[in-house]
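Dropping data_9.cif in here (mmCIF, C-alpha atoms):
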data_input
loop_
_atom_site.label_atom_id
_atom_site.label_comp_id
_atom_site.auth_asym_id
_atom_site.auth_seq_id
_atom_site.Cartn_x
_atom_site.Cartn_y
_atom_site.Cartn_z
CA ILE N 20 0.00 0.00 0.00
CA PRO N 21 1.79 3.19 -1.12
CA GLN N 22 2.24 5.92 1.46
CA GLN N 23 1.32 9.47 0.50
CA SER N 24 3.88 12.13 1.35
CA LEU N 25 3.50 14.40 4.34
CA HIS N 26 2.77 17.35 2.05
CA ASP N 27 0.03 15.49 0.20
CA ARG N 28 -1.83 14.97 3.46
CA GLY N 29 -1.77 18.65 4.41
CA VAL N 30 -0.10 18.17 7.81
CA GLU N 31 2.04 21.07 9.00
CA ARG N 32 5.76 20.54 9.30
CA GLY N 33 7.40 20.87 12.69
CA PHE N 34 5.55 20.74 16.02
CA TRP N 35 4.67 22.90 18.98
CA ASN N 36 4.02 22.25 22.66
CA ALA N 37 0.34 21.69 23.32
CA ALA N 38 -1.28 23.64 26.15
CA VAL N 39 -0.80 22.04 29.54
CA PRO N 40 -4.17 20.51 30.54
CA SER N 41 -5.86 21.64 33.75
CA THR N 42 -6.51 17.97 34.54
CA CYS N 43 -4.47 14.90 33.61
CA VAL N 44 -5.84 11.39 33.84
CA VAL N 45 -2.88 9.01 33.93
CA PRO N 46 -3.47 5.30 33.08
CA LEU N 47 -1.30 3.03 35.21
CA GLN N 48 -0.73 0.43 32.50
CA GLN N 49 0.83 2.11 29.47
CA HIS N 50 2.91 -0.79 28.18
CA ARG N 51 3.03 -4.55 27.91
CA GLY N 52 4.45 -5.84 31.16
CA SER N 53 4.05 -6.19 34.87
CA LEU N 54 1.30 -4.35 36.71
CA VAL N 55 2.05 -1.32 38.84
CA LYS N 56 0.24 0.08 41.89
CA PRO N 57 -0.28 3.67 43.08
CA VAL N 58 2.28 5.02 45.54
CA VAL N 59 0.24 8.18 46.20
CA GLN N 60 -3.13 8.78 47.79
CA VAL N 61 -6.06 11.06 47.06
CA GLY N 62 -5.22 14.53 48.32
CA ASP N 63 -1.45 14.18 47.88
CA ILE N 64 0.46 17.03 46.27
CA VAL N 65 2.69 15.81 43.43
CA ARG N 66 5.46 17.47 41.49
CA GLU N 67 6.02 17.33 37.74
CA GLY N 68 7.80 14.06 36.98
CA MET N 69 7.21 12.55 40.42
CA ILE N 70 6.58 8.77 40.53
CA VAL N 71 2.90 8.12 41.25
CA ALA N 72 2.83 4.36 40.61
CA ASP N 73 5.38 1.54 40.47
CA GLY N 74 5.74 -2.22 40.78
CA ASN N 75 8.23 -4.97 41.56
CA GLY N 76 7.72 -7.14 38.49
CA ARG N 77 10.54 -7.65 36.00
CA LEU N 78 8.65 -5.68 33.36
CA ALA N 79 7.26 -3.01 35.69
CA ILE N 80 8.28 0.60 35.15
CA PRO N 81 7.26 3.71 37.07
CA VAL N 82 4.42 5.99 36.04
CA HIS N 83 5.05 9.71 36.61
CA ALA N 84 2.93 12.79 37.13
CA PRO N 85 2.86 14.73 33.83
CA ILE N 86 1.89 17.94 35.66
CA PRO N 87 2.27 19.31 39.18
CA GLY N 88 -0.88 19.39 41.25
CA ARG N 89 -3.15 17.49 43.60
CA VAL N 90 -4.32 13.88 43.25
CA THR N 91 -8.11 14.14 43.08
CA SER N 92 -9.04 10.51 42.42
CA ILE N 93 -7.60 7.03 42.03
CA GLY N 94 -9.81 4.41 40.46
CA PRO N 95 -11.21 2.95 37.23
CA ILE N 96 -10.98 5.15 34.14
CA ARG N 97 -12.22 4.64 30.59
CA LEU N 98 -9.67 4.17 27.80
CA PHE N 99 -9.99 4.73 24.04
CA ASP N 100 -11.98 1.56 23.46
CA ASN N 101 -14.16 2.25 26.51
CA THR N 102 -12.55 -0.54 28.53
CA GLU N 103 -11.57 0.13 32.13
CA SER N 104 -8.13 0.63 33.61
CA LEU N 105 -6.88 1.90 36.93
CA GLY N 106 -5.84 5.53 36.68
CA ILE N 107 -4.81 8.57 38.68
CA GLN N 108 -6.40 11.98 38.13
CA ILE N 109 -4.28 15.05 38.86
CA GLU N 110 -5.53 18.64 38.92
CA LEU N 111 -3.00 21.26 37.89
CA ALA N 112 -1.59 23.36 40.73
CA GLY N 113 1.78 24.69 41.85
CA GLU N 114 4.96 25.34 39.89
CA PHE N 115 6.56 23.30 37.14
CA ASP N 116 10.02 21.93 37.90
CA ARG N 117 11.11 22.03 34.24
CA LEU N 118 8.73 24.02 32.05
CA GLY N 119 10.57 27.04 30.65
CA LYS N 120 13.68 26.42 32.75
CA LYS N 121 17.21 25.72 31.59
CA ARG N 122 18.20 22.08 31.87
CA SER N 123 21.58 20.98 33.20
CA ARG N 124 23.40 18.11 31.47
CA ARG N 125 24.69 14.97 33.14
CA ASP N 126 28.11 13.64 32.14
CA TRP N 127 26.91 10.14 31.28
CA SER N 128 30.31 9.04 29.98
CA THR N 129 31.38 8.30 33.56
CA LEU N 130 28.40 6.04 34.29
CA GLU N 131 28.53 2.26 34.34
CA ALA N 132 26.17 0.38 32.00
CA GLU N 133 24.01 -0.85 34.89
CA GLU N 134 23.67 2.72 36.20
CA VAL N 135 22.39 3.81 32.79
CA ARG N 136 19.87 0.95 32.74
CA LEU N 137 18.59 1.97 36.18
CA ILE N 138 18.15 5.60 35.09
CA VAL N 139 16.22 4.50 31.98
CA ARG N 140 14.05 2.23 34.09
CA GLU N 141 13.29 4.96 36.64
CA ALA N 142 12.32 7.29 33.77
CA GLY N 143 9.68 4.78 32.60
CA VAL N 144 10.84 4.67 28.97
CA VAL N 145 8.87 2.43 26.56
CA ALA N 146 10.46 1.07 23.37
CA GLY N 147 7.80 2.25 20.88
CA SER N 148 4.15 2.14 19.86
CA ARG N 149 4.68 -1.03 17.77
CA TRP N 150 6.49 -2.89 20.58
CA PRO N 151 5.42 -1.24 23.86
CA VAL N 152 7.82 -2.90 26.28
CA PRO N 153 10.18 -1.30 28.84
CA VAL N 154 13.40 -0.20 27.14
CA HIS N 155 15.68 -1.15 30.04
CA GLU N 156 14.51 -4.76 29.88
CA TYR N 157 14.12 -4.96 26.10
CA LEU N 158 17.77 -3.93 25.76
CA ASN N 159 19.01 -6.19 28.54
CA VAL N 160 21.15 -8.07 26.05
CA ARG N 161 21.70 -11.66 27.15
CA THR N 162 22.98 -12.96 23.83
CA PRO N 163 26.59 -12.45 22.67
CA VAL N 164 26.95 -8.74 21.88
CA ALA N 165 28.89 -9.50 18.72
CA SER N 166 25.80 -11.13 17.17
CA THR N 167 23.39 -8.34 18.20
CA ALA N 168 22.51 -5.24 16.16
CA LEU N 169 20.66 -2.08 17.20
CA VAL N 170 18.33 -0.51 14.64
CA LEU N 171 16.80 2.96 14.74
CA ASP N 172 13.47 2.40 13.02
CA LEU N 173 12.54 5.39 10.87
CA ALA N 174 10.87 3.13 8.31
CA GLU N 175 7.30 3.71 9.47
CA THR N 176 5.15 4.01 6.35
CA GLU N 177 1.62 3.83 7.74
CA PRO N 178 -0.23 7.00 6.66
CA TRP N 179 -0.05 9.89 9.14
CA LEU N 180 2.43 8.19 11.48
CA THR N 181 4.96 10.97 10.94
CA ALA N 182 5.59 12.19 14.50
CA ASP N 183 8.92 10.35 14.80
CA TYR N 184 10.02 11.86 11.51
CA GLU N 185 9.30 15.39 12.76
CA LEU N 186 11.16 14.66 15.99
CA VAL N 187 14.27 13.56 14.07
CA ARG N 188 14.12 16.67 11.90
CA ALA N 189 13.92 18.88 14.99
CA VAL N 190 16.60 17.30 17.22
CA PRO N 191 18.91 15.00 15.21
CA GLU N 192 21.89 15.64 17.51
CA GLU N 193 19.87 14.58 20.56
CA ILE N 194 18.70 11.42 18.79
CA ALA N 195 22.32 10.66 17.88
CA GLU N 196 23.47 11.15 21.48
CA GLY N 197 20.61 8.97 22.72
CA LEU N 198 21.85 6.19 20.44
CA GLN N 199 25.36 6.54 21.86
CA VAL N 200 23.93 6.26 25.38
CA ILE N 201 22.11 3.06 24.40
CA LEU N 202 25.25 1.56 22.88
CA LYS N 203 27.04 2.22 26.16
CA MET N 204 24.20 0.69 28.17
CA THR N 205 24.09 -2.49 26.09
CA GLY N 206 27.62 -2.94 24.83
CA ILE N 207 26.25 -3.32 21.29
CA GLU N 208 28.69 -2.10 18.63
CA GLU N 209 26.63 -2.62 15.47
CA LEU N 210 24.27 0.31 14.77
CA HIS N 211 21.91 0.66 11.80
CA VAL N 212 19.40 3.32 10.77
CA VAL N 213 16.56 2.24 8.46
CA THR N 214 14.52 5.03 6.86
CA ALA N 215 11.65 5.20 4.40
CA HIS N 216 12.44 6.89 1.11
CA SER N 217 10.15 9.86 1.86
CA PHE N 218 12.11 10.57 5.07
CA ARG N 219 15.46 10.99 3.34
CA ASP N 220 15.89 14.58 4.59
CA ALA N 221 15.69 13.35 8.20
CA ALA N 222 18.12 10.57 7.31
CA GLY N 223 20.56 13.17 5.99
CA LEU N 224 20.41 15.08 9.28
CA LEU N 225 21.02 11.90 11.24
CA ARG N 226 23.88 10.90 8.97
CA ARG N 227 25.64 14.19 9.70
CA ALA N 228 25.01 13.82 13.44
CA LEU N 229 26.17 10.18 13.65
CA GLY N 230 29.03 10.27 11.17
CA LYS N 231 30.44 6.80 10.62
CA ALA N 232 28.90 5.36 13.79
CA ALA N 233 25.95 3.84 11.90
CA ARG N 234 25.11 2.14 8.63
CA PHE N 235 22.13 3.63 6.79
CA HIS N 236 19.53 1.71 4.80
CA ARG N 237 16.50 2.91 2.82
CA VAL N 238 13.20 1.13 2.14
CA ASP N 239 10.40 1.94 -0.30
CA ASN N 240 7.34 3.93 0.75
CA HIS N 241 5.08 0.90 0.90
CA PHE N 242 3.21 -0.23 3.97
CA PRO N 243 4.20 -2.23 5.95
CA ALA N 244 7.93 -1.55 5.48
CA ASN N 245 9.18 -2.08 9.03
CA LEU N 246 8.10 -5.60 9.89
CA GLU N 247 10.90 -7.26 11.83
CA SER N 248 11.31 -9.93 9.15
CA HIS N 249 11.74 -7.21 6.52
CA LEU N 250 14.18 -5.21 8.64
CA ARG N 251 16.28 -8.33 9.13
CA ARG N 252 16.55 -8.78 5.37
CA VAL N 253 17.47 -5.10 4.95
CA VAL N 254 20.04 -4.93 7.74
CA PHE N 255 21.67 -8.37 7.61
CA SER N 256 23.14 -10.37 4.78
CA ARG N 257 21.02 -13.21 3.44
CA HIS N 258 23.05 -15.70 5.47
CA ASP N 259 22.86 -13.71 8.71
CA ALA N 260 19.13 -12.96 8.36
CA ALA N 261 18.42 -16.69 8.49
CA ARG N 262 20.57 -17.26 11.60
CA ALA N 263 18.58 -17.67 14.83
CA ASP N 264 21.50 -16.35 16.88
CA ARG N 265 21.60 -13.08 14.90
CA ILE N 266 19.56 -10.71 17.10
CA LEU N 267 18.02 -7.41 16.04
CA HIS N 268 16.86 -4.84 18.60
CA ARG N 269 14.90 -1.91 17.18
CA LEU N 270 13.83 1.34 18.78
CA SER N 271 11.67 4.21 17.61
CA PRO N 272 13.15 7.74 17.53
CA ASP N 273 10.68 8.69 20.29
CA ALA N 274 12.11 6.01 22.58
CA VAL N 275 15.71 6.96 21.76
CA HIS N 276 14.97 10.61 22.49
CA SER N 277 13.32 9.65 25.78
CA VAL N 278 16.49 7.74 26.71
CA TYR N 279 18.50 10.87 25.88
CA GLU N 280 16.25 13.04 28.06
CA ALA N 281 16.36 10.52 30.92
CA VAL N 282 20.12 9.98 31.01
CA VAL N 283 21.42 13.36 29.86
CA LEU N 284 18.75 15.70 31.23
CA GLY N 285 17.28 13.66 34.08
CA LYS N 286 13.73 13.85 32.69
CA ALA N 287 11.13 11.08 32.94
CA GLN N 288 9.08 10.11 29.88
CA LEU N 289 6.21 12.57 30.32
CA ASP N 290 5.22 13.54 26.78
CA ARG N 291 5.57 12.71 23.12
CA VAL N 292 5.07 14.20 19.66
CA VAL N 293 1.66 13.24 18.25
CA CYS N 294 0.33 13.70 14.71
CA VAL N 295 -3.20 15.17 14.81
CA ALA N 296 -4.74 14.81 11.36
CA GLY N 297 -7.57 13.58 9.18
CA GLY N 298 -10.10 15.33 6.97
CA ALA N 299 -12.25 16.42 9.92
CA VAL N 300 -9.44 18.28 11.75
CA ALA N 301 -9.38 22.06 11.28
CA ARG N 302 -5.58 22.39 11.44
CA PRO N 303 -3.71 19.10 10.94
CA ALA N 304 -0.39 19.39 12.75
CA HIS N 305 2.11 17.77 15.10
CA LEU N 306 1.99 18.51 18.82
CA ARG N 307 4.16 17.65 21.79
CA VAL N 308 1.51 16.43 24.21
CA ARG N 309 1.74 15.44 27.87
CA TYR N 310 0.45 11.99 28.74
CA GLY N 311 -2.92 12.10 30.42
CA THR N 312 -4.24 14.81 28.08
CA SER N 313 -7.65 13.86 26.69
CA VAL N 314 -8.33 13.21 23.02
CA ALA N 315 -10.84 16.10 23.12
CA ASP N 316 -8.16 18.53 24.35
CA VAL N 317 -5.71 17.36 21.68
CA LEU N 318 -8.25 17.96 18.92
CA ALA N 319 -9.17 21.35 20.39
CA GLU N 320 -5.49 22.36 20.26
CA CYS N 321 -5.66 21.91 16.47
CA GLY N 322 -8.77 24.05 16.05
CA GLY N 323 -11.32 21.35 16.73
CA LEU N 324 -13.35 19.55 14.10
CA THR N 325 -14.79 21.04 10.93
CA THR N 326 -17.30 18.22 10.46
CA ASP N 327 -18.53 15.14 12.26
CA PRO N 328 -15.86 12.46 11.73
CA ALA N 329 -16.86 9.00 10.61
CA ARG N 330 -14.25 7.62 13.00
CA ILE N 331 -11.66 8.90 15.46
CA VAL N 332 -8.59 6.70 15.68
CA ALA N 333 -5.74 6.58 18.20
CA GLY N 334 -2.75 5.48 16.13
CA GLY N 335 -2.56 4.77 12.42
CA PRO N 336 -5.58 4.21 10.15
CA PHE N 337 -4.67 0.51 9.72
CA THR N 338 -3.22 -0.45 13.09
CA GLY N 339 -4.83 2.11 15.40
CA MET N 340 -7.72 1.75 17.82
CA THR N 341 -11.12 3.32 17.28
CA VAL N 342 -11.76 5.96 19.93
CA GLN N 343 -15.12 5.33 21.58
CA ASN N 344 -14.44 7.70 24.47
CA ILE N 345 -13.22 11.14 23.40
CA LEU N 346 -12.40 12.03 27.02
CA ALA N 347 -9.91 9.14 27.22
CA PRO N 348 -6.27 10.14 27.84
CA ILE N 349 -3.41 9.60 25.43
CA TYR N 350 -0.45 7.61 26.71
CA LYS N 351 3.08 6.60 25.82
CA THR N 352 2.12 4.46 22.84
CA THR N 353 -0.16 6.99 21.08
CA PRO N 354 1.64 8.24 17.93
CA ALA N 355 -1.39 9.90 16.31
CA ILE N 356 -4.97 11.05 16.80
CA LEU N 357 -6.92 10.93 13.54
CA ALA N 358 -10.40 12.32 12.91
CA LEU N 359 -11.30 10.63 9.63
CA THR N 360 -14.13 11.44 7.26
CA ALA N 361 -16.35 8.83 5.61
CA ALA N 362 -14.33 9.17 2.40
CA GLU N 363 -11.10 8.39 4.27
CA THR N 364 -12.47 5.35 6.08
CA ALA N 365 -14.56 3.85 3.25
CA GLU N 366 -17.15 3.01 5.88
CA ALA N 367 -19.71 0.36 4.91
CA PRO N 368 -21.88 -2.15 6.76
CA GLU N 369 -20.23 -5.44 7.55
CA ARG N 370 -21.37 -8.30 5.32
CA PRO N 371 -20.75 -12.06 5.44
CA CYS N 372 -17.40 -13.33 4.20
CA ILE N 373 -17.56 -14.19 0.48
CA GLY N 374 -14.41 -16.32 0.57
CA CYS N 375 -12.57 -14.16 -1.95
CA GLY N 376 -9.20 -14.70 -0.26
CA ALA N 377 -8.10 -11.06 -0.59
CA CYS N 378 -7.06 -10.97 3.07
CA THR N 379 -4.96 -14.13 2.75
CA ARG N 380 -3.20 -12.88 -0.39
CA ALA N 381 -2.44 -9.52 1.23
CA CYS N 382 -1.15 -10.86 4.57
CA PRO N 383 2.59 -10.08 4.88
CA VAL N 384 3.18 -12.99 7.30
CA SER N 385 1.23 -15.59 5.28
CA ILE N 386 -1.51 -16.50 7.76
CA ASP N 387 -5.17 -17.02 6.83
CA PRO N 388 -7.35 -14.27 8.36
CA ARG N 389 -10.40 -15.74 6.61
CA MET N 390 -10.15 -18.96 8.63
CA LEU N 391 -8.90 -17.32 11.83
CA HIS N 392 -11.76 -14.85 12.10
CA GLU N 393 -14.26 -17.71 11.96
CA LEU N 394 -12.40 -19.55 14.73
CA VAL N 395 -12.28 -16.45 16.94
CA ARG N 396 -15.96 -15.61 16.42
CA ASN N 397 -16.84 -19.16 17.44
CA GLN N 398 -14.56 -18.74 20.50
CA ARG N 399 -12.29 -21.57 19.36
CA PHE N 400 -9.26 -19.77 20.72
CA ASP N 401 -7.03 -22.84 21.09
CA ASP N 402 -7.66 -23.75 17.45
CA ALA N 403 -6.93 -20.12 16.43
CA ALA N 404 -3.62 -20.25 18.32
CA ALA N 405 -2.72 -23.50 16.60
CA ALA N 406 -3.62 -21.93 13.22
CA GLY N 407 -1.18 -19.05 13.78
CA VAL N 408 -3.20 -16.14 15.18
CA ASN N 409 -0.24 -15.17 17.39
CA GLN N 410 1.87 -14.66 14.27
CA CYS N 411 -0.38 -11.73 13.26
CA VAL N 412 1.54 -8.43 13.32
CA GLU N 413 -1.71 -6.40 13.39
CA CYS N 414 -0.75 -4.39 10.31
CA GLY N 415 -4.43 -3.96 9.39
CA ILE N 416 -4.04 -4.75 5.70
CA CYS N 417 -6.56 -7.60 5.86
CA SER N 418 -9.28 -5.28 7.16
CA HIS N 419 -8.35 -2.68 4.55
CA VAL N 420 -8.70 -5.03 1.56
CA CYS N 421 -11.75 -6.97 2.80
CA PRO N 422 -14.72 -6.21 0.46
CA SER N 423 -17.12 -7.36 3.20
CA ARG N 424 -15.66 -4.81 5.66
CA ILE N 425 -15.10 -7.47 8.34
CA PRO N 426 -13.02 -6.05 11.25
CA LEU N 427 -10.37 -8.71 10.81
CA VAL N 428 -7.52 -7.05 12.71
CA GLN N 429 -9.82 -6.49 15.69
CA LEU N 430 -10.71 -10.18 15.62
CA MET N 431 -7.02 -11.14 15.41
CA ARG N 432 -6.40 -9.10 18.58
CA GLU N 433 -9.27 -10.85 20.33
CA GLY N 434 -7.86 -14.19 19.23
CA LYS N 435 -4.49 -13.35 20.77
CA ARG N 436 -6.07 -12.40 24.08
CA GLY N 437 -7.91 -15.72 24.04
CA LYS N 438 -10.63 -17.21 26.16
CA ASP N 439 -9.66 -15.30 29.30
CA HIS N 440 -10.38 -11.96 27.61
CA LYS N 441 -13.45 -10.17 28.90
CA PRO N 442 -14.84 -7.48 26.55
#
Take the structure from the file and write it as structure tokens.
Amino acid sequence: IPQQSLHDRGVERGFWNAAVPSTCVVPLQQHRGSLVKPVVQVGDIVREGMIVADGNGRLAIPVHAPIPGRVTSIGPIRLFDNTESLGIQIELAGEFDRLGKKRSRRDWSTLEAEEVRLIVREAGVVAGSRWPVPVHEYLNVRTPVASTALVLDLAETEPWLTADYELVRAVPEEIAEGLQVILKMTGIEELHVVTAHSFRDAAGLLRRALGKAARFHRVDNHFPANLESHLRRVVFSRHDAARADRILHRLSPDAVHSVYEAVVLGKAQLDRVVCVAGGAVARPAHLRVRYGTSVADVLAECGGLTTDPARIVAGGPFTGMTVQNILAPIYKTTPAILALTAAETAEAPERPCIGCGACTRACPVSIDPRMLHELVRNQRFDDAAAAGVNQCVECGICSHVCPSRIPLVQLMREGKRGKDHKP
């Protein structure tokens, strides 16, 4: 599926800091991993960046207060898909520790690798929206370092997922330093940067910032371009790509920049650049948004809506989640908020499967969504697992090409969650 250029979609270049919300609602589970529990109580005064929840599990990372203020409630909140999660509501009050103030730099060159890992863990950094796991554990390299490669993934080609690209254009030197910090933390010596063809200007900025420290690769502007299997073929030789002991770790520019801010500037992961776009948005643009800001506030920052959208999506149009609750907060794995018109979604009533096989032919990992969706709908989750539902990368192409408009990617997600999932 060809990707239109940023200019063709009418999204402004660059980004600005969104207004700080008067109330932040912070979900406690913003990544795949161990559960965390609140360490504050209702009525507590919190500072910007203060830890408000944490856990002891191997994959637990702290959750921080995006704004200073008072904890007004702790309890169930509604997420994008209207499911419940435990969350902490903070009302803005007091002074910011960082906003508008000069930041001092830490000399990280004197730190041991384990000290760097601890700093990244305490900052709550997540690897990326495609693989939302804690960076400190994801990069806890247990295989021989000589057979491991680190990849900066700038090969995202899903329409409108351009926030990482704008971040690289704005701060290439900081991204480059973040990569150097990660190499120190892991001991990895092999660094690659993979970019989509339309992002070649950002690649040029990174090339100047990194010098000869990285090898650069370019992929075509076709979605999906950054599947792990594809990146392995791009980065490694044919022989190495087939070797099970040849390990590839990939990070998004947002995650690398968060590592830079954590280790160099002592800042927790509190915000991210988000693309706000779609035909119903008055001023499509990129914003740096604090976690816990509602979808409604994000859209209002871009002038609101010019028409009733057919669908609001958190994430990309293929892989994102339909927003059923516009007051739901964004979190660390939200790269975009899209308000799409009927023409952009090709909305149509769902019809019975006609057995055309379009989904199977389009699947980049060669599974059979046609068969799997029937198994999931009949709650035959063990059979779906045996048939390969867990191999689905949730790229969304099957749903896009289905003439019967069956929500196949949604059903694949349900199949992965299995029989213990409660809607």
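Take the candidates N:Thr181, N:Asn101, N:Ser271, N:Thr353 and check each one against Val212 (chain N) using only C-alpha atoms; the shortest distance goes to N:Ser271.
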- Task: Give me the result of the PyMOL selection byres ((chain N and resi 303) around 7) on this file, residue by residue, as an NGL selection string.
- Result: :N and (29-31 or 295-297 or 300-302 or 304 or 321)
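The interatomic distance for the pair CA of Leu391 (chain N) and CA of Ala404 (chain N) works out to 8.9 Å.
Among the candidates N:Ile64, N:Leu250, N:Ala274, N:Cys294, the residue lying nearest to Val152 (chain N) is N:Ala274 (atoms considered: all atoms listed in the file).
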- Item | Spatial neighbours of Asn159 (chain N), 12 Å, only C-alpha atoms, chain gap at least 5 places, as a PyMOL selection string | chain N and resi 77-78+132-133+135-137+139-140+152-154+164+167+201-207+268
- Note on the structure: Across N:Pro87, N:Pro151, N:Gly74, N:Gly415, the smallest distance to Leu111 (chain N), with only C-alpha atoms counted, is shown by N:Pro87
- Ground truth for the PyMOL selection byres ((chain N and resi 246) around 12), written as number ranges by chain: N: 149-150, 172-177, 213, 238, 241-245, 247-253, 267, 269, 382-384, 410-414
- Query: Using all atoms listed in the file, which residue out of N:Arg188, N:Ile266, N:Tyr310, N:Glu134 lies closest to Ile107 (chain N)?
  - Reply: N:Tyr310
- Among listed residues N:Gln48, N:Ser123, N:Ser418, N:Ser256, nearest Pro336 (chain N) (using all atoms listed in the file): N:Ser418
Under the rule of at most 10 Å, produce a per-residue listing of region 154-232 of chain N near region 288-291 of chain N: chain, number, name, the closest pair of atoms, and the distance in Å, as a Markdown table, using all atoms listed in the file.
| residue | atom | partner | partner_atom | distance |
| --- | --- | --- | --- | --- |
| N:Ala182 | CA | N:Arg291 | CA | 8.6 |
| N:Asp183 | CA | N:Arg291 | CA | 9.3 |
| N:Leu186 | CA | N:Arg291 | CA | 9.3 |
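Counting all atoms listed in the file, Val293 (chain N) has the following residues at most 6 Å away, ignoring those fewer than 5 positions along the same chain: Ala182, His305, Leu306, Pro354 and Ala355 of chain N.
Across the structure, CA of Gln343 (chain N) and CA of Gly88 (chain N) are spaced 28.1 Å apart.
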